[in-house]
$ cat entry27.txt   # compact mmCIF, N, CA and C atoms
# COMPACT_ATOMS: atom_id res chain seq x y z
N MET U 368 93.64 182.06 47.94
CA MET U 368 93.53 180.65 48.27
C MET U 368 93.57 180.39 49.78
N PRO U 369 94.45 181.05 50.57
CA PRO U 369 94.45 180.79 52.02
C PRO U 369 93.11 181.10 52.68
N ASP U 370 92.40 182.14 52.19
CA ASP U 370 91.10 182.46 52.76
C ASP U 370 90.12 181.32 52.55
N THR U 371 90.17 180.69 51.42
CA THR U 371 89.27 179.57 51.13
C THR U 371 89.58 178.38 52.04
N ILE U 372 90.84 178.09 52.23
CA ILE U 372 91.24 176.98 53.10
C ILE U 372 90.85 177.27 54.55
N ALA U 373 91.07 178.49 54.98
CA ALA U 373 90.71 178.87 56.35
C ALA U 373 89.19 178.77 56.55
N GLU U 374 88.44 179.22 55.55
CA GLU U 374 86.99 179.15 55.64
C GLU U 374 86.51 177.70 55.68
N LEU U 375 87.09 176.85 54.87
CA LEU U 375 86.75 175.43 54.89
C LEU U 375 87.09 174.79 56.23
N ALA U 376 88.23 175.18 56.80
CA ALA U 376 88.63 174.64 58.10
C ALA U 376 87.63 175.05 59.18
N ARG U 377 87.17 176.31 59.15
CA ARG U 377 86.17 176.78 60.12
C ARG U 377 84.86 176.00 59.97
N ARG U 378 84.44 175.80 58.74
CA ARG U 378 83.19 175.07 58.51
C ARG U 378 83.31 173.62 58.97
N LEU U 379 84.45 173.01 58.72
CA LEU U 379 84.67 171.63 59.14
C LEU U 379 84.67 171.52 60.66
N ALA U 380 85.31 172.48 61.33
CA ALA U 380 85.33 172.47 62.80
C ALA U 380 83.91 172.62 63.35
N SER U 381 83.11 173.49 62.74
CA SER U 381 81.73 173.68 63.17
C SER U 381 80.92 172.40 62.95
N LEU U 382 81.11 171.77 61.83
CA LEU U 382 80.41 170.52 61.53
C LEU U 382 80.82 169.42 62.51
N GLU U 383 82.11 169.32 62.83
CA GLU U 383 82.57 168.32 63.78
C GLU U 383 81.94 168.55 65.16
N TRP U 384 81.83 169.82 65.56
CA TRP U 384 81.22 170.15 66.84
C TRP U 384 79.76 169.71 66.85
N ARG U 385 79.03 169.98 65.77
CA ARG U 385 77.62 169.58 65.69
C ARG U 385 77.46 168.07 65.76
N VAL U 386 78.32 167.35 65.06
CA VAL U 386 78.27 165.89 65.09
C VAL U 386 78.52 165.38 66.51
N THR U 387 79.47 165.97 67.19
CA THR U 387 79.77 165.57 68.57
C THR U 387 78.56 165.79 69.47
N VAL U 388 77.90 166.93 69.33
CA VAL U 388 76.71 167.23 70.15
C VAL U 388 75.61 166.22 69.85
N LEU U 389 75.39 165.92 68.58
CA LEU U 389 74.35 164.96 68.22
C LEU U 389 74.66 163.56 68.74
N GLU U 390 75.91 163.15 68.66
CA GLU U 390 76.29 161.84 69.18
C GLU U 390 76.09 161.76 70.68
N ARG U 391 76.45 162.84 71.37
CA ARG U 391 76.28 162.89 72.83
C ARG U 391 74.78 162.85 73.18
N ALA U 392 73.97 163.56 72.40
CA ALA U 392 72.54 163.59 72.65
C ALA U 392 71.90 162.22 72.43
N ARG U 393 72.37 161.51 71.46
CA ARG U 393 71.81 160.19 71.17
C ARG U 393 72.12 159.21 72.30
N ARG U 394 73.28 159.34 72.91
CA ARG U 394 73.71 158.42 73.97
C ARG U 394 73.14 158.78 75.33
N ALA U 395 73.06 160.05 75.60
CA ALA U 395 72.75 160.51 76.96
C ALA U 395 71.26 160.42 77.26
N PRO U 396 70.90 160.03 78.48
CA PRO U 396 69.50 160.07 78.87
C PRO U 396 69.06 161.52 79.06
N TYR U 397 67.80 161.76 78.89
CA TYR U 397 67.29 163.13 79.08
C TYR U 397 67.43 163.49 80.55
N PRO U 398 67.95 164.66 80.88
CA PRO U 398 68.19 165.01 82.29
C PRO U 398 66.89 165.26 83.05
N PRO U 399 66.91 165.06 84.35
CA PRO U 399 65.71 165.32 85.16
C PRO U 399 65.52 166.83 85.38
N TRP U 400 64.31 167.20 85.72
CA TRP U 400 64.02 168.60 86.06
C TRP U 400 64.63 168.92 87.42
N ARG U 401 65.00 170.18 87.58
CA ARG U 401 65.59 170.68 88.83
C ARG U 401 64.86 171.95 89.25
N ASP U 402 64.67 172.16 90.55
CA ASP U 402 64.00 173.38 91.02
C ASP U 402 64.80 174.61 90.65
N LEU U 403 64.09 175.66 90.25
CA LEU U 403 64.70 176.95 89.94
C LEU U 403 64.69 177.79 91.21
N PRO U 404 65.87 178.17 91.75
CA PRO U 404 65.91 178.98 92.98
C PRO U 404 65.36 180.38 92.75
N LEU U 405 64.33 180.75 93.50
CA LEU U 405 63.70 182.06 93.38
C LEU U 405 64.35 183.05 94.36
N THR U 406 64.17 184.34 94.08
CA THR U 406 64.75 185.38 94.93
C THR U 406 63.65 186.32 95.44
N GLY U 407 64.00 187.09 96.44
CA GLY U 407 63.09 188.11 96.96
C GLY U 407 61.76 187.55 97.39
N ASP U 408 60.69 188.27 97.06
CA ASP U 408 59.35 187.88 97.46
C ASP U 408 58.64 187.02 96.42
N THR U 409 59.35 186.59 95.39
CA THR U 409 58.71 185.71 94.41
C THR U 409 58.33 184.41 95.10
N ALA U 410 57.32 183.74 94.57
CA ALA U 410 56.80 182.54 95.24
C ALA U 410 56.34 181.52 94.21
N VAL U 411 55.96 180.37 94.70
CA VAL U 411 55.38 179.32 93.87
C VAL U 411 53.86 179.42 94.05
N PRO U 412 53.12 179.95 93.05
CA PRO U 412 51.68 180.15 93.22
C PRO U 412 50.87 178.86 93.19
N ASP U 413 51.42 177.82 92.56
CA ASP U 413 50.70 176.55 92.44
C ASP U 413 51.71 175.42 92.65
N THR U 414 51.54 174.67 93.74
CA THR U 414 52.51 173.62 94.05
C THR U 414 52.53 172.51 92.99
N ALA U 415 51.50 172.44 92.17
CA ALA U 415 51.47 171.46 91.08
C ALA U 415 52.32 171.91 89.90
N GLN U 416 52.71 173.20 89.88
CA GLN U 416 53.52 173.76 88.79
C GLN U 416 54.70 174.55 89.34
N PRO U 417 55.62 173.91 90.07
CA PRO U 417 56.77 174.66 90.60
C PRO U 417 57.71 175.08 89.46
N PRO U 418 58.41 176.20 89.63
CA PRO U 418 59.36 176.60 88.58
C PRO U 418 60.54 175.64 88.54
N ARG U 419 60.80 175.09 87.35
CA ARG U 419 61.84 174.08 87.20
C ARG U 419 62.68 174.40 85.98
N ILE U 420 63.85 173.76 85.93
CA ILE U 420 64.81 174.00 84.85
C ILE U 420 65.55 172.69 84.57
N ARG U 421 66.00 172.55 83.33
CA ARG U 421 66.92 171.47 82.98
C ARG U 421 67.70 171.88 81.75
N ALA U 422 68.90 171.33 81.63
CA ALA U 422 69.73 171.56 80.45
C ALA U 422 69.72 170.27 79.65
N ASN U 423 69.24 170.33 78.42
CA ASN U 423 69.15 169.10 77.63
C ASN U 423 70.48 168.82 76.92
N PRO U 424 70.62 167.66 76.30
CA PRO U 424 71.88 167.30 75.65
C PRO U 424 72.28 168.19 74.48
N TRP U 425 71.38 169.06 74.02
CA TRP U 425 71.68 169.95 72.90
C TRP U 425 72.08 171.34 73.39
N ASP U 426 72.55 171.45 74.62
CA ASP U 426 72.97 172.73 75.21
C ASP U 426 71.86 173.78 75.19
N THR U 427 70.67 173.35 75.53
CA THR U 427 69.52 174.24 75.60
C THR U 427 68.92 174.16 76.99
N LEU U 428 68.63 175.32 77.58
CA LEU U 428 67.93 175.36 78.86
C LEU U 428 66.44 175.28 78.59
N GLU U 429 65.76 174.43 79.33
CA GLU U 429 64.31 174.32 79.23
C GLU U 429 63.70 174.69 80.58
N PHE U 430 62.59 175.42 80.54
CA PHE U 430 61.93 175.88 81.75
C PHE U 430 60.50 175.35 81.80
N SER U 431 59.96 175.20 83.01
CA SER U 431 58.55 174.86 83.18
C SER U 431 58.07 175.41 84.51
N GLY U 432 56.76 175.50 84.66
CA GLY U 432 56.17 175.94 85.92
C GLY U 432 55.78 177.40 85.91
N ARG U 433 55.41 177.88 87.10
CA ARG U 433 54.97 179.28 87.27
C ARG U 433 55.71 179.92 88.43
N ILE U 434 55.86 181.24 88.31
CA ILE U 434 56.46 182.05 89.38
C ILE U 434 55.44 183.11 89.78
N GLY U 435 55.14 183.18 91.08
CA GLY U 435 54.25 184.21 91.60
C GLY U 435 55.02 185.51 91.82
N LEU U 436 54.42 186.62 91.41
CA LEU U 436 55.08 187.93 91.52
C LEU U 436 54.63 188.66 92.78
N PRO U 437 55.57 189.32 93.47
CA PRO U 437 55.23 190.01 94.72
C PRO U 437 54.32 191.21 94.47
N GLY U 438 53.33 191.36 95.33
CA GLY U 438 52.44 192.52 95.24
C GLY U 438 51.54 192.51 94.02
N GLY U 439 51.49 191.41 93.29
CA GLY U 439 50.64 191.35 92.10
C GLY U 439 51.08 192.27 90.98
N ARG U 440 52.42 192.59 90.93
CA ARG U 440 52.93 193.48 89.90
C ARG U 440 54.21 192.92 89.30
N ALA U 441 54.32 193.07 87.99
CA ALA U 441 55.55 192.75 87.27
C ALA U 441 56.33 194.05 87.15
N VAL U 442 57.46 194.13 87.82
CA VAL U 442 58.26 195.35 87.86
C VAL U 442 59.50 195.16 86.97
N ASP U 443 59.74 196.12 86.09
CA ASP U 443 60.87 196.04 85.17
C ASP U 443 62.19 195.96 85.96
N GLU U 444 63.06 195.08 85.51
CA GLU U 444 64.40 194.85 86.05
C GLU U 444 64.40 194.24 87.46
N ALA U 445 63.31 193.59 87.84
CA ALA U 445 63.26 192.90 89.14
C ALA U 445 63.99 191.57 89.01
N LEU U 446 64.90 191.30 89.94
CA LEU U 446 65.61 190.02 89.98
C LEU U 446 64.65 188.99 90.58
N ILE U 447 64.32 187.95 89.80
CA ILE U 447 63.32 187.00 90.29
C ILE U 447 63.87 185.60 90.56
N ALA U 448 65.03 185.27 89.97
CA ALA U 448 65.59 183.93 90.19
C ALA U 448 67.08 183.95 89.91
N LEU U 449 67.75 182.91 90.40
CA LEU U 449 69.18 182.71 90.12
C LEU U 449 69.35 181.31 89.53
N LEU U 450 69.94 181.24 88.36
CA LEU U 450 70.18 179.94 87.74
C LEU U 450 71.25 179.20 88.52
N PRO U 451 71.10 177.89 88.72
CA PRO U 451 72.15 177.13 89.39
C PRO U 451 73.43 177.15 88.55
N GLU U 452 74.57 177.10 89.22
CA GLU U 452 75.84 177.07 88.50
C GLU U 452 75.85 175.84 87.58
N GLY U 453 76.39 176.01 86.39
CA GLY U 453 76.37 174.96 85.39
C GLY U 453 75.22 175.14 84.41
N TYR U 454 74.28 176.03 84.75
CA TYR U 454 73.14 176.33 83.89
C TYR U 454 73.24 177.76 83.34
N TRP U 455 74.35 178.42 83.61
CA TRP U 455 74.51 179.80 83.17
C TRP U 455 74.79 179.86 81.67
N PRO U 456 74.09 180.73 80.93
CA PRO U 456 74.38 180.88 79.51
C PRO U 456 75.72 181.59 79.30
N THR U 457 76.40 181.30 78.20
CA THR U 457 77.69 181.95 77.93
C THR U 457 77.52 183.35 77.37
N ALA U 458 76.31 183.69 76.94
CA ALA U 458 76.00 185.03 76.42
C ALA U 458 74.64 185.43 76.99
N PRO U 459 74.36 186.73 77.10
CA PRO U 459 73.04 187.15 77.60
C PRO U 459 71.92 186.60 76.71
N ARG U 460 70.84 186.20 77.34
CA ARG U 460 69.68 185.65 76.63
C ARG U 460 68.41 186.34 77.10
N THR U 461 67.43 186.44 76.20
CA THR U 461 66.12 186.99 76.52
C THR U 461 65.07 186.02 76.00
N ILE U 462 64.10 185.69 76.86
CA ILE U 462 63.02 184.81 76.45
C ILE U 462 61.68 185.44 76.82
N ALA U 463 60.69 185.23 75.96
CA ALA U 463 59.33 185.70 76.23
C ALA U 463 58.64 184.71 77.16
N VAL U 464 57.85 185.24 78.08
CA VAL U 464 57.10 184.39 79.00
C VAL U 464 55.64 184.83 79.01
N ALA U 465 54.77 183.88 79.28
CA ALA U 465 53.34 184.17 79.37
C ALA U 465 53.04 184.66 80.79
N SER U 466 51.96 185.42 80.91
CA SER U 466 51.54 185.90 82.23
C SER U 466 50.06 186.24 82.20
N ASP U 467 49.55 186.68 83.34
CA ASP U 467 48.16 187.15 83.38
C ASP U 467 48.09 188.67 83.23
N ALA U 468 49.15 189.29 82.74
CA ALA U 468 49.16 190.74 82.47
C ALA U 468 48.30 191.00 81.25
N ALA U 469 47.40 191.94 81.35
CA ALA U 469 46.49 192.26 80.26
C ALA U 469 47.23 192.90 79.08
N ARG U 470 47.26 192.20 77.98
CA ARG U 470 47.82 192.70 76.71
C ARG U 470 49.24 193.24 76.84
N ARG U 471 50.04 192.69 77.72
CA ARG U 471 51.43 193.12 77.86
C ARG U 471 52.33 191.91 77.75
N GLU U 472 53.35 192.04 76.97
CA GLU U 472 54.33 190.97 76.82
C GLU U 472 55.42 191.15 77.88
N LEU U 473 55.80 190.07 78.53
CA LEU U 473 56.87 190.12 79.51
C LEU U 473 58.02 189.24 79.04
N HIS U 474 59.24 189.60 79.47
CA HIS U 474 60.43 188.84 79.10
C HIS U 474 61.28 188.55 80.33
N LEU U 475 62.11 187.53 80.21
CA LEU U 475 63.13 187.26 81.21
C LEU U 475 64.48 187.45 80.55
N ASP U 476 65.35 188.22 81.18
CA ASP U 476 66.74 188.37 80.74
C ASP U 476 67.61 187.50 81.62
N MET U 477 68.51 186.73 81.01
CA MET U 477 69.46 185.91 81.75
C MET U 477 70.86 186.35 81.38
N ASP U 478 71.68 186.60 82.37
CA ASP U 478 73.06 187.02 82.09
C ASP U 478 74.03 185.87 82.36
N PRO U 479 75.28 186.02 81.91
CA PRO U 479 76.26 184.94 82.10
C PRO U 479 76.61 184.64 83.56
N LYS U 480 76.13 185.43 84.50
CA LYS U 480 76.34 185.16 85.93
C LYS U 480 75.16 184.41 86.55
N GLY U 481 74.15 184.08 85.73
CA GLY U 481 73.02 183.30 86.20
C GLY U 481 71.86 184.09 86.78
N ARG U 482 71.90 185.42 86.68
CA ARG U 482 70.79 186.23 87.19
C ARG U 482 69.64 186.24 86.19
N VAL U 483 68.42 186.03 86.70
CA VAL U 483 67.21 186.05 85.87
C VAL U 483 66.41 187.29 86.27
N THR U 484 66.28 188.22 85.31
CA THR U 484 65.65 189.50 85.56
C THR U 484 64.37 189.62 84.74
N LEU U 485 63.30 190.09 85.37
CA LEU U 485 62.03 190.31 84.68
C LEU U 485 62.10 191.62 83.91
N ARG U 486 61.63 191.62 82.67
CA ARG U 486 61.62 192.84 81.86
C ARG U 486 60.21 193.15 81.39
N VAL U 487 59.82 194.40 81.57
CA VAL U 487 58.53 194.90 81.10
C VAL U 487 58.84 195.87 79.96
N PRO U 488 58.33 195.62 78.75
CA PRO U 488 58.61 196.55 77.65
C PRO U 488 58.21 197.98 78.03
N ASP U 489 59.02 198.93 77.66
CA ASP U 489 58.83 200.35 77.97
C ASP U 489 59.01 200.66 79.45
N GLY U 490 59.55 199.73 80.24
CA GLY U 490 59.86 199.98 81.65
C GLY U 490 58.63 200.04 82.53
N GLY U 491 58.86 200.46 83.76
CA GLY U 491 57.76 200.61 84.71
C GLY U 491 57.30 199.28 85.28
N SER U 492 56.00 199.19 85.51
CA SER U 492 55.42 197.96 86.05
C SER U 492 54.04 197.77 85.45
N VAL U 493 53.55 196.56 85.59
CA VAL U 493 52.23 196.22 85.07
C VAL U 493 51.60 195.22 86.03
N LYS U 494 50.28 195.23 86.13
CA LYS U 494 49.59 194.30 87.02
C LYS U 494 49.72 192.88 86.46
N ALA U 495 50.30 192.00 87.25
CA ALA U 495 50.44 190.58 86.89
C ALA U 495 50.74 189.82 88.18
N THR U 496 50.05 188.73 88.39
CA THR U 496 50.26 187.97 89.62
C THR U 496 51.20 186.79 89.42
N TRP U 497 51.38 186.35 88.17
CA TRP U 497 52.27 185.21 87.89
C TRP U 497 52.83 185.29 86.48
N ILE U 498 53.92 184.56 86.27
CA ILE U 498 54.45 184.34 84.92
C ILE U 498 54.60 182.83 84.74
N SER U 499 54.39 182.40 83.51
CA SER U 499 54.51 180.98 83.19
C SER U 499 55.80 180.74 82.42
N LEU U 500 56.55 179.73 82.83
CA LEU U 500 57.80 179.36 82.16
C LEU U 500 57.61 178.21 81.18
N ASP U 501 56.39 177.67 81.11
CA ASP U 501 56.14 176.51 80.25
C ASP U 501 56.51 176.82 78.79
N SER U 502 57.25 175.92 78.20
CA SER U 502 57.72 175.98 76.80
C SER U 502 58.79 177.04 76.56
N ALA U 503 59.26 177.71 77.60
CA ALA U 503 60.34 178.69 77.43
C ALA U 503 61.67 177.94 77.37
N SER U 504 62.55 178.39 76.48
CA SER U 504 63.87 177.77 76.37
C SER U 504 64.85 178.76 75.76
N CYS U 505 66.14 178.49 75.96
CA CYS U 505 67.19 179.31 75.35
C CYS U 505 68.46 178.47 75.27
N ARG U 506 69.36 178.90 74.42
CA ARG U 506 70.64 178.21 74.28
C ARG U 506 71.57 178.58 75.43
N ILE U 507 72.41 177.62 75.83
CA ILE U 507 73.42 177.88 76.85
C ILE U 507 74.71 178.35 76.21
N ASP U 508 75.05 177.77 75.05
CA ASP U 508 76.31 178.09 74.38
C ASP U 508 76.23 179.44 73.68
N SER U 509 77.37 179.93 73.23
CA SER U 509 77.40 181.22 72.56
C SER U 509 77.03 181.07 71.08
N ASP U 510 76.71 182.19 70.45
CA ASP U 510 76.32 182.18 69.04
C ASP U 510 77.46 181.77 68.11
N GLU U 511 78.71 181.96 68.56
CA GLU U 511 79.86 181.66 67.70
C GLU U 511 80.13 180.17 67.61
N GLU U 512 79.65 179.39 68.57
CA GLU U 512 79.96 177.95 68.58
C GLU U 512 79.13 177.21 67.59
$ encode --input "entry27.txt" --output "structure tokens"
Amino acid sequence: MPDTIAELARRLASLEWRVTVLERARRAPYPPWRDLPLTGDTAVPDTAQPPRIRANPWDTLEFSGRIGLPGGRAVDEALIALLPEGYWPTAPRTIAVASDAARRELHLDMDPKGRVTLRVPDGGSVKATWISLDSASCRIDSDEE
């Protein structure tokens, strides 16, 4: 019997948390976009599409824009950006991003310290001049919440 009560208490706490998030989302205005600080030789290839970020009321990071890659190559484990404080995920996250790399999928890894690292499957590097952040998103909170 105690296991059942404990399980019900956990479910109730989770439900209360979800209700709180939804109530906050209903009240709060949608946040404005903010520039994503780039590192190293990464650049903004198109001033009409600067790399931007925002955290929405549902604890989700949303990305938009493009990042130009140095030397026209996507290099595995290259640090390309730093998330502003307050936008750091509580657990490591990986998101797929579009690029001009021929038939190669690229990913961004984000760690709880705000580092954004480019990942090339199977390591190494691939020819790519830019990556697109449009429609990319990830959760900020942990999976347990």
$ atom_distance --input "entry27.txt" --atom1 "atom N of Gly481 (chain U)" --atom2 "CA of Ala458 (chain U)"
9.5 Å
$ residues_near_point --input "entry27.txt" --point "(47.5, 195.9, 82.4)" --cutoff "12 Å" --atoms "only C-alpha atoms" --output "list in words"
Gly439, Arg440, Ala441, Ser466, Asp467, Ala468, Ala469, Arg470, Arg471, Glu472, Leu473, Val487, Gly491, Ser492, Val493, Lys494, Ala495 and Thr496 of chain U
$ select_by_dssp --input "entry27.txt" --residues "chain U" --states "strand (DSSP E)" --output "mmCIF file with N, CA and C atoms, in the coordinates of the input"
data_model
loop_
_atom_site.group_PDB
_atom_site.id
_atom_site.type_symbol
_atom_site.label_atom_id
_atom_site.label_comp_id
_atom_site.auth_asym_id
_atom_site.auth_seq_id
_atom_site.Cartn_x
_atom_site.Cartn_y
_atom_site.Cartn_z
ATOM 1 N N ARG U 401 65.000 170.180 87.580
ATOM 2 C CA ARG U 401 65.590 170.680 88.830
ATOM 3 C C ARG U 401 64.860 171.950 89.250
ATOM 4 N N ASP U 402 64.670 172.160 90.550
ATOM 5 C CA ASP U 402 64.000 173.380 91.020
ATOM 6 C C ASP U 402 64.800 174.610 90.650
ATOM 7 N N ARG U 419 60.800 175.090 87.350
ATOM 8 C CA ARG U 419 61.840 174.080 87.200
ATOM 9 C C ARG U 419 62.680 174.400 85.980
ATOM 10 N N ILE U 420 63.850 173.760 85.930
ATOM 11 C CA ILE U 420 64.810 174.000 84.850
ATOM 12 C C ILE U 420 65.550 172.690 84.570
ATOM 13 N N ARG U 421 66.000 172.550 83.330
ATOM 14 C CA ARG U 421 66.920 171.470 82.980
ATOM 15 C C ARG U 421 67.700 171.880 81.750
ATOM 16 N N ALA U 422 68.900 171.330 81.630
ATOM 17 C CA ALA U 422 69.730 171.560 80.450
ATOM 18 C C ALA U 422 69.720 170.270 79.650
ATOM 19 N N THR U 427 70.670 173.350 75.530
ATOM 20 C CA THR U 427 69.520 174.240 75.600
ATOM 21 C C THR U 427 68.920 174.160 76.990
ATOM 22 N N LEU U 428 68.630 175.320 77.580
ATOM 23 C CA LEU U 428 67.930 175.360 78.860
ATOM 24 C C LEU U 428 66.440 175.280 78.590
ATOM 25 N N GLU U 429 65.760 174.430 79.330
ATOM 26 C CA GLU U 429 64.310 174.320 79.230
ATOM 27 C C GLU U 429 63.700 174.690 80.580
ATOM 28 N N PHE U 430 62.590 175.420 80.540
ATOM 29 C CA PHE U 430 61.930 175.880 81.750
ATOM 30 C C PHE U 430 60.500 175.350 81.800
ATOM 31 N N SER U 431 59.960 175.200 83.010
ATOM 32 C CA SER U 431 58.550 174.860 83.180
ATOM 33 C C SER U 431 58.070 175.410 84.510
ATOM 34 N N ARG U 433 55.410 177.880 87.100
ATOM 35 C CA ARG U 433 54.970 179.280 87.270
ATOM 36 C C ARG U 433 55.710 179.920 88.430
ATOM 37 N N ILE U 434 55.860 181.240 88.310
ATOM 38 C CA ILE U 434 56.460 182.050 89.380
ATOM 39 C C ILE U 434 55.440 183.110 89.780
ATOM 40 N N GLY U 435 55.140 183.180 91.080
ATOM 41 C CA GLY U 435 54.250 184.210 91.600
ATOM 42 C C GLY U 435 55.020 185.510 91.820
ATOM 43 N N ARG U 440 52.420 192.590 90.930
ATOM 44 C CA ARG U 440 52.930 193.480 89.900
ATOM 45 C C ARG U 440 54.210 192.920 89.300
ATOM 46 N N ALA U 441 54.320 193.070 87.990
ATOM 47 C CA ALA U 441 55.550 192.750 87.270
ATOM 48 C C ALA U 441 56.330 194.050 87.150
ATOM 49 N N VAL U 442 57.460 194.130 87.820
ATOM 50 C CA VAL U 442 58.260 195.350 87.860
ATOM 51 C C VAL U 442 59.500 195.160 86.970
ATOM 52 N N ALA U 445 63.310 193.590 87.840
ATOM 53 C CA ALA U 445 63.260 192.900 89.140
ATOM 54 C C ALA U 445 63.990 191.570 89.010
ATOM 55 N N LEU U 446 64.900 191.300 89.940
ATOM 56 C CA LEU U 446 65.610 190.020 89.980
ATOM 57 C C LEU U 446 64.650 188.990 90.580
ATOM 58 N N ILE U 447 64.320 187.950 89.800
ATOM 59 C CA ILE U 447 63.320 187.000 90.290
ATOM 60 C C ILE U 447 63.870 185.600 90.560
ATOM 61 N N ALA U 448 65.030 185.270 89.970
ATOM 62 C CA ALA U 448 65.590 183.930 90.190
ATOM 63 C C ALA U 448 67.080 183.950 89.910
ATOM 64 N N LEU U 449 67.750 182.910 90.400
ATOM 65 C CA LEU U 449 69.180 182.710 90.120
ATOM 66 C C LEU U 449 69.350 181.310 89.530
ATOM 67 N N ARG U 460 70.840 186.200 77.340
ATOM 68 C CA ARG U 460 69.680 185.650 76.630
ATOM 69 C C ARG U 460 68.410 186.340 77.100
ATOM 70 N N THR U 461 67.430 186.440 76.200
ATOM 71 C CA THR U 461 66.120 186.990 76.520
ATOM 72 C C THR U 461 65.070 186.020 76.000
ATOM 73 N N ILE U 462 64.100 185.690 76.860
ATOM 74 C CA ILE U 462 63.020 184.810 76.450
ATOM 75 C C ILE U 462 61.680 185.440 76.820
ATOM 76 N N ALA U 463 60.690 185.230 75.960
ATOM 77 C CA ALA U 463 59.330 185.700 76.230
ATOM 78 C C ALA U 463 58.640 184.710 77.160
ATOM 79 N N VAL U 464 57.850 185.240 78.080
ATOM 80 C CA VAL U 464 57.100 184.390 79.000
ATOM 81 C C VAL U 464 55.640 184.830 79.010
ATOM 82 N N ALA U 465 54.770 183.880 79.280
ATOM 83 C CA ALA U 465 53.340 184.170 79.370
ATOM 84 C C ALA U 465 53.040 184.660 80.790
ATOM 85 N N SER U 466 51.960 185.420 80.910
ATOM 86 C CA SER U 466 51.540 185.900 82.230
ATOM 87 C C SER U 466 50.060 186.240 82.200
ATOM 88 N N LEU U 473 55.800 190.070 78.530
ATOM 89 C CA LEU U 473 56.870 190.120 79.510
ATOM 90 C C LEU U 473 58.020 189.240 79.040
ATOM 91 N N HIS U 474 59.240 189.600 79.470
ATOM 92 C CA HIS U 474 60.430 188.840 79.100
ATOM 93 C C HIS U 474 61.280 188.550 80.330
ATOM 94 N N LEU U 475 62.110 187.530 80.210
ATOM 95 C CA LEU U 475 63.130 187.260 81.210
ATOM 96 C C LEU U 475 64.480 187.450 80.550
ATOM 97 N N ASP U 476 65.350 188.220 81.180
ATOM 98 C CA ASP U 476 66.740 188.370 80.740
ATOM 99 C C ASP U 476 67.610 187.500 81.620
ATOM 100 N N MET U 477 68.510 186.730 81.010
ATOM 101 C CA MET U 477 69.460 185.910 81.750
ATOM 102 C C MET U 477 70.860 186.350 81.380
ATOM 103 N N ARG U 482 71.900 185.420 86.680
ATOM 104 C CA ARG U 482 70.790 186.230 87.190
ATOM 105 C C ARG U 482 69.640 186.240 86.190
ATOM 106 N N VAL U 483 68.420 186.030 86.700
ATOM 107 C CA VAL U 483 67.210 186.050 85.870
ATOM 108 C C VAL U 483 66.410 187.290 86.270
ATOM 109 N N THR U 484 66.280 188.220 85.310
ATOM 110 C CA THR U 484 65.650 189.500 85.560
ATOM 111 C C THR U 484 64.370 189.620 84.740
ATOM 112 N N LEU U 485 63.300 190.090 85.370
ATOM 113 C CA LEU U 485 62.030 190.310 84.680
ATOM 114 C C LEU U 485 62.100 191.620 83.910
ATOM 115 N N ARG U 486 61.630 191.620 82.670
ATOM 116 C CA ARG U 486 61.620 192.840 81.860
ATOM 117 C C ARG U 486 60.210 193.150 81.390
ATOM 118 N N SER U 492 56.000 199.190 85.510
ATOM 119 C CA SER U 492 55.420 197.960 86.050
ATOM 120 C C SER U 492 54.040 197.770 85.450
ATOM 121 N N VAL U 493 53.550 196.560 85.590
ATOM 122 C CA VAL U 493 52.230 196.220 85.070
ATOM 123 C C VAL U 493 51.600 195.220 86.030
ATOM 124 N N LYS U 494 50.280 195.230 86.130
ATOM 125 C CA LYS U 494 49.590 194.300 87.020
ATOM 126 C C LYS U 494 49.720 192.880 86.460
ATOM 127 N N TRP U 497 51.380 186.350 88.170
ATOM 128 C CA TRP U 497 52.270 185.210 87.890
ATOM 129 C C TRP U 497 52.830 185.290 86.480
ATOM 130 N N ILE U 498 53.920 184.560 86.270
ATOM 131 C CA ILE U 498 54.450 184.340 84.920
ATOM 132 C C ILE U 498 54.600 182.830 84.740
ATOM 133 N N SER U 499 54.390 182.400 83.510
ATOM 134 C CA SER U 499 54.510 180.980 83.190
ATOM 135 C C SER U 499 55.800 180.740 82.420
ATOM 136 N N SER U 504 62.550 178.390 76.480
ATOM 137 C CA SER U 504 63.870 177.770 76.370
ATOM 138 C C SER U 504 64.850 178.760 75.760
ATOM 139 N N CYS U 505 66.140 178.490 75.960
ATOM 140 C CA CYS U 505 67.190 179.310 75.350
ATOM 141 C C CYS U 505 68.460 178.470 75.270
ATOM 142 N N ARG U 506 69.360 178.900 74.420
ATOM 143 C CA ARG U 506 70.640 178.210 74.280
ATOM 144 C C ARG U 506 71.570 178.580 75.430
#
$ select_by_dssp --input "entry27.txt" --residues "chain U" --states "alpha helix (DSSP H)" --output "ChimeraX atom specification"
/U:369-394
$ residues_around --input "entry27.txt" --residues "region 422-438 of chain U" --least-positions-apart "2" --cutoff "8 Å" --atoms "all atoms listed in the file" --output "VMD selection string"
chain U and resid 388 to 389 391 to 393 395 to 401 407 to 413 415 to 420 440 to 442 453 to 454 494 to 508
$ closest_residue --input "entry27.txt" --among "U:Arg385, U:His474, U:Arg377, U:Arg460" --to "Arg486 (chain U)" --atoms "all atoms listed in the file"
U:His474
$ residues_near_point --input "entry27.txt" --point "(71.2, 179.1, 89.9)" --cutoff "8 Å" --atoms "all atoms listed in the file" --output "PyMOL selection string"
chain U and resi 402-405+448-455+480-482
$ atom_distance --input "entry27.txt" --atom1 "CA of Leu485 (chain U)" --atom2 "CA of Pro456 (chain U)"
16.4 Å
$ atom_distance --input "entry27.txt" --atom1 "CA of Pro479 (chain U)" --atom2 "atom N of Thr387 (chain U)"
24.3 Å
